[in-house]
Amino acid sequence: MDGGSITFSFFLIFTGAAVFASIALYTRQPLIIAYIALGAAIGPYGLSMVTDLKLLSDIGHVGIIFLLFLLGLDMQPSALFATLRKSTVVGLASSAIFALMGFSVAYLFGFGMLESLVIGAAMMFSSTIIGIKLLPTTILHHRHIGELMIGLLLLQDLLAIITLMLLGTAGGDASEEAMLWEILLPFLALPLLGAGAWLLVRFVLLKLITRFDRFHEYIFLVALGWCLGVAEVAELMGLSAEIGAFLAGITIATSPISQYIAVNLKPLRDFFLILFFFSVGARFELALLGSVLVPALLLSALVLGIKPVVYRFLLKGMSEKRVLAWDLGFRLGQASEFSLLIAYVAIANGLIGQSASLLIQATTIITLLASSYIVVLNYPTPIAISDRLRRD
């Protein structure tokens with residue numbers, strides 16, 4: 001690992017995270033801010049103490065996979081279908097509005113048509129990590145707002161997969177037939193993966209869990225293997241690891257051991273999520289921020305201001321309560337980790353330039369930070385500074 005061994009890098013990251021987190025708590029700031037700030041401070045564009053971001057980013061991505069797996073463990077298949085049915089109209093309509101917003105700002109500041117389209121596409125999505133990490137577990141799993149959020153984020157994940165496939169295809173010499181196949185592939189692969197996972201759970205996994213449920217270490221290992229295995233198969237089938245992990249969780253949600261698995265995986269999830277947020281801050285090249293500062297600030301302000309309003313009116317149109325609509329709107333009022341991935345893939349395939357990629361990254365990081373403040377200071381979260389708002 002560049003800049004020292006992986007052990008030394010982990011020492012710097014987690015010791016630094018403890019220091020930054022202590023400062024954040026003393027100054028009443030969200031912990032996510034501390035992890036991103038640490039990445040900017042000791043990453044390659046800061047003090048260059050940790051430089052191999054590819055490995056750290058890949059490791060941190062496992063945290064998102066575990067996050068979706070834990071969600072699936074608490075959702076029955078029937079509840080999933082009902083949730084997706086309710087959220088489809090809101091998800092598609094809001095994505096179209098946010099894409100148009102991003103395209104308009106980019107085009108206004110002189111970016112080309114293709115670059116503006118990519119920037120617009122990156123603005124369609126909200127952060128799975130911010131949305132779910134900052135929602136109390138009891139609300140997430142047992143209330144209507146949790147169901148709506150999961151439905152919207154899953155739909156956005158599917159749209160993000162299609163977007164990334166199109167970007168990958170556009171960067172090559174694929175024919176129109178190949179591009180059409182790339183679009184249809186996720187819709188064909190998803191039910192096949194779900195059916196295959198359900199059969200394996202019913203005829204193999206549940207029998208093993210029932211037979212050896214006294215051995216908790218064995219249950220933990222089976223859960224990890226199942227989660228990561230289905231996530232890997234999902235990627236091989238053209239889906240995302242996140243969707244695979246979510247399906248892995250849903251398929252064993254009916255097992256009585258599912259809550260034991262959920263409780264024991266939470267510390268492991270948090271370990272990887274710290275690495276993810278560190279890599280987000282470390283990837284950002286602060287020295288180049290000035291070249292896109294004005295459009296980034298404008299686009300960030302629009303994302304933070306328009307997304308909650310759009311969700312509020314769309315959900316209110318579906319007869320949702322006004323308080324719930326505002327709550328959900330602010331919790332989803334930011335760009336996404338998928339936005340960062342779109343920026344990386346698009347620039348790697350030569351579809352956008354450095355400035356467009358930096359605009360997407362800057363807007364994403366600014367909105368992640370600002371949205372975290374808004375939610376932590378005004379709504380119930382597990383990491384709220386105020387005792388009145390802290391909910392686990």
# chains A, B, ... in the order shown; residues from 1 in each chain; ligands from 1
call {"tool": "select_by_dssp", "arguments": {"residues": "segment 21-175 of chain A", "states": "alpha helix (DSSP H)", "output": "PyMOL selection string"}}
result
chain A and resi 21-26+31-42+53-73+77-108+113-122+128-133+137-142+144-170
call {"tool": "residues_around", "arguments": {"residues": "Phe278 of chain A", "least_positions_apart": "5", "cutoff": "10 Å", "atoms": "only C-alpha atoms", "output": "count of residues only"}}
result
22
call {"tool": "residues_around", "arguments": {"residues": "Ser371 of chain A", "least_positions_apart": "2", "cutoff": "12 Å", "atoms": "only C-alpha atoms", "output": "PyMOL selection string"}}
result
chain A and resi 30+32-33+126-127+129-131+134+300-301+303-305+307-308+329-336+363-369+373-379
call {"tool": "atom_distance", "arguments": {"atom1": "atom CA of Phe111 of chain A", "atom2": "atom CA of Gly353 of chain A"}}
result
9.5 Å
call {"tool": "closest_atom_pairs", "arguments": {"of": "segment 28-140 of chain A", "to": "segment 287-293 of chain A", "cutoff": "10 Å", "atoms": "only C-alpha atoms", "output": "CSV"}}
result
residue,atom,partner,partner_atom,distance
A:Tyr45,CA,A:Ala287,CA,7.8
A:Gly46,CA,A:Ala287,CA,9.6
A:Phe109,CA,A:Val292,CA,9.5
call {"tool": "write_last_selection", "arguments": {"atoms": "N, CA and C atoms", "output": "tab-separated table (two decimals), in the first residue's frame"}}
result
chain	number	residue	atom	x	y	z
A	45	TYR	N	-4.50	14.60	-1.30
A	45	TYR	CA	-4.58	16.03	-1.60
A	45	TYR	C	-4.44	16.89	-0.34
A	46	GLY	N	-4.17	16.23	0.79
A	46	GLY	CA	-3.91	16.93	2.04
A	46	GLY	C	-2.47	16.71	2.44
A	109	PHE	N	-23.65	27.16	-17.31
A	109	PHE	CA	-22.26	27.51	-17.04
A	109	PHE	C	-21.30	27.06	-18.15
call {"tool": "closest_residue", "arguments": {"among": "A:Glu232, A:Ala262, A:Ala122, A:Ala370", "to": "Ile219 of chain A", "atoms": "only C-alpha atoms"}}
result
A:Ala262
call {"tool": "closest_atom_pairs", "arguments": {"of": "segment 258-297 of chain A", "to": "segment 200-216 of chain A", "cutoff": "10 Å", "atoms": "only C-alpha atoms", "output": "Markdown table"}}
result
| residue | atom | partner | partner_atom | distance |
| --- | --- | --- | --- | --- |
| A:Tyr260 | CA | A:His216 | CA | 8.8 |
| A:Ile261 | CA | A:His216 | CA | 9.2 |
| A:Asn264 | CA | A:His216 | CA | 10.0 |
call {"tool": "write_last_selection", "arguments": {"atoms": "C-alpha atoms", "output": "PDB file, in the first residue's frame"}}
result
ATOM      1  CA  TYR A 260     -29.373 -12.088  15.872  1.00  0.00           C
ATOM      2  CA  ILE A 261     -27.546 -11.643  12.571  1.00  0.00           C
ATOM      3  CA  ASN A 264     -24.027  -8.755  15.343  1.00  0.00           C
TER       4      ASN A 264
END
call {"tool": "residues_around", "arguments": {"residues": "Lys86 of chain A", "least_positions_apart": "2", "cutoff": "10 Å", "atoms": "only C-alpha atoms", "output": "PDB file with N, CA and C atoms, in the first residue's frame"}}
result
ATOM      1  N   PHE A  81     -42.737  -5.526  -2.030  1.00  0.00           N
ATOM      2  CA  PHE A  81     -43.532  -5.286  -3.236  1.00  0.00           C
ATOM      3  C   PHE A  81     -44.517  -4.142  -3.021  1.00  0.00           C
ATOM      4  N   ALA A  82     -45.130  -4.096  -1.859  1.00  0.00           N
ATOM      5  CA  ALA A  82     -46.074  -3.016  -1.577  1.00  0.00           C
ATOM      6  C   ALA A  82     -45.359  -1.667  -1.550  1.00  0.00           C
ATOM      7  N   THR A  83     -44.147  -1.645  -0.994  1.00  0.00           N
ATOM      8  CA  THR A  83     -43.377  -0.411  -0.912  1.00  0.00           C
ATOM      9  C   THR A  83     -42.967   0.086  -2.291  1.00  0.00           C
ATOM     10  N   LEU A  84     -42.471  -0.812  -3.129  1.00  0.00           N
ATOM     11  CA  LEU A  84     -42.048  -0.424  -4.474  1.00  0.00           C
ATOM     12  C   LEU A  84     -43.229   0.089  -5.292  1.00  0.00           C
ATOM     13  N   THR A  88     -42.961   4.057  -6.872  1.00  0.00           N
ATOM     14  CA  THR A  88     -42.501   4.115  -8.260  1.00  0.00           C
ATOM     15  C   THR A  88     -42.792   5.468  -8.912  1.00  0.00           C
ATOM     16  N   VAL A  89     -44.027   5.940  -8.788  1.00  0.00           N
ATOM     17  CA  VAL A  89     -44.398   7.212  -9.425  1.00  0.00           C
ATOM     18  C   VAL A  89     -43.571   8.362  -8.861  1.00  0.00           C
ATOM     19  N   VAL A  90     -43.451   8.421  -7.532  1.00  0.00           N
ATOM     20  CA  VAL A  90     -42.677   9.479  -6.896  1.00  0.00           C
ATOM     21  C   VAL A  90     -41.207   9.397  -7.318  1.00  0.00           C
ATOM     22  N   GLY A  91     -40.661   8.184  -7.350  1.00  0.00           N
ATOM     23  CA  GLY A  91     -39.258   8.007  -7.700  1.00  0.00           C
ATOM     24  C   GLY A  91     -38.947   8.437  -9.125  1.00  0.00           C
ATOM     25  N   GLU A 147     -40.546   2.531   5.153  1.00  0.00           N
ATOM     26  CA  GLU A 147     -40.920   1.767   3.965  1.00  0.00           C
ATOM     27  C   GLU A 147     -40.799   2.622   2.710  1.00  0.00           C
ATOM     28  N   LEU A 148     -41.290   3.869   2.779  1.00  0.00           N
ATOM     29  CA  LEU A 148     -41.208   4.760   1.621  1.00  0.00           C
ATOM     30  C   LEU A 148     -39.754   5.048   1.245  1.00  0.00           C
ATOM     31  N   GLY A 151     -38.200   2.052  -0.495  1.00  0.00           N
ATOM     32  CA  GLY A 151     -38.718   1.910  -1.847  1.00  0.00           C
ATOM     33  C   GLY A 151     -38.097   2.908  -2.807  1.00  0.00           C
ATOM     34  N   LEU A 152     -38.013   4.176  -2.390  1.00  0.00           N
ATOM     35  CA  LEU A 152     -37.431   5.215  -3.241  1.00  0.00           C
ATOM     36  C   LEU A 152     -35.947   4.955  -3.500  1.00  0.00           C
ATOM     37  N   LEU A 315     -45.202  13.492  -2.598  1.00  0.00           N
ATOM     38  CA  LEU A 315     -45.752  12.601  -1.575  1.00  0.00           C
ATOM     39  C   LEU A 315     -47.097  13.098  -1.071  1.00  0.00           C
ATOM     40  N   MET A 318     -49.814  11.983  -3.123  1.00  0.00           N
ATOM     41  CA  MET A 318     -50.195  10.586  -2.915  1.00  0.00           C
ATOM     42  C   MET A 318     -50.868  10.401  -1.560  1.00  0.00           C
TER      43      MET A 318
END
call {"tool": "closest_residue", "arguments": {"among": "A:Leu297, A:Ile119, A:Leu73, A:Ala343", "to": "Ser258 of chain A", "atoms": "only C-alpha atoms"}}
result
A:Leu73
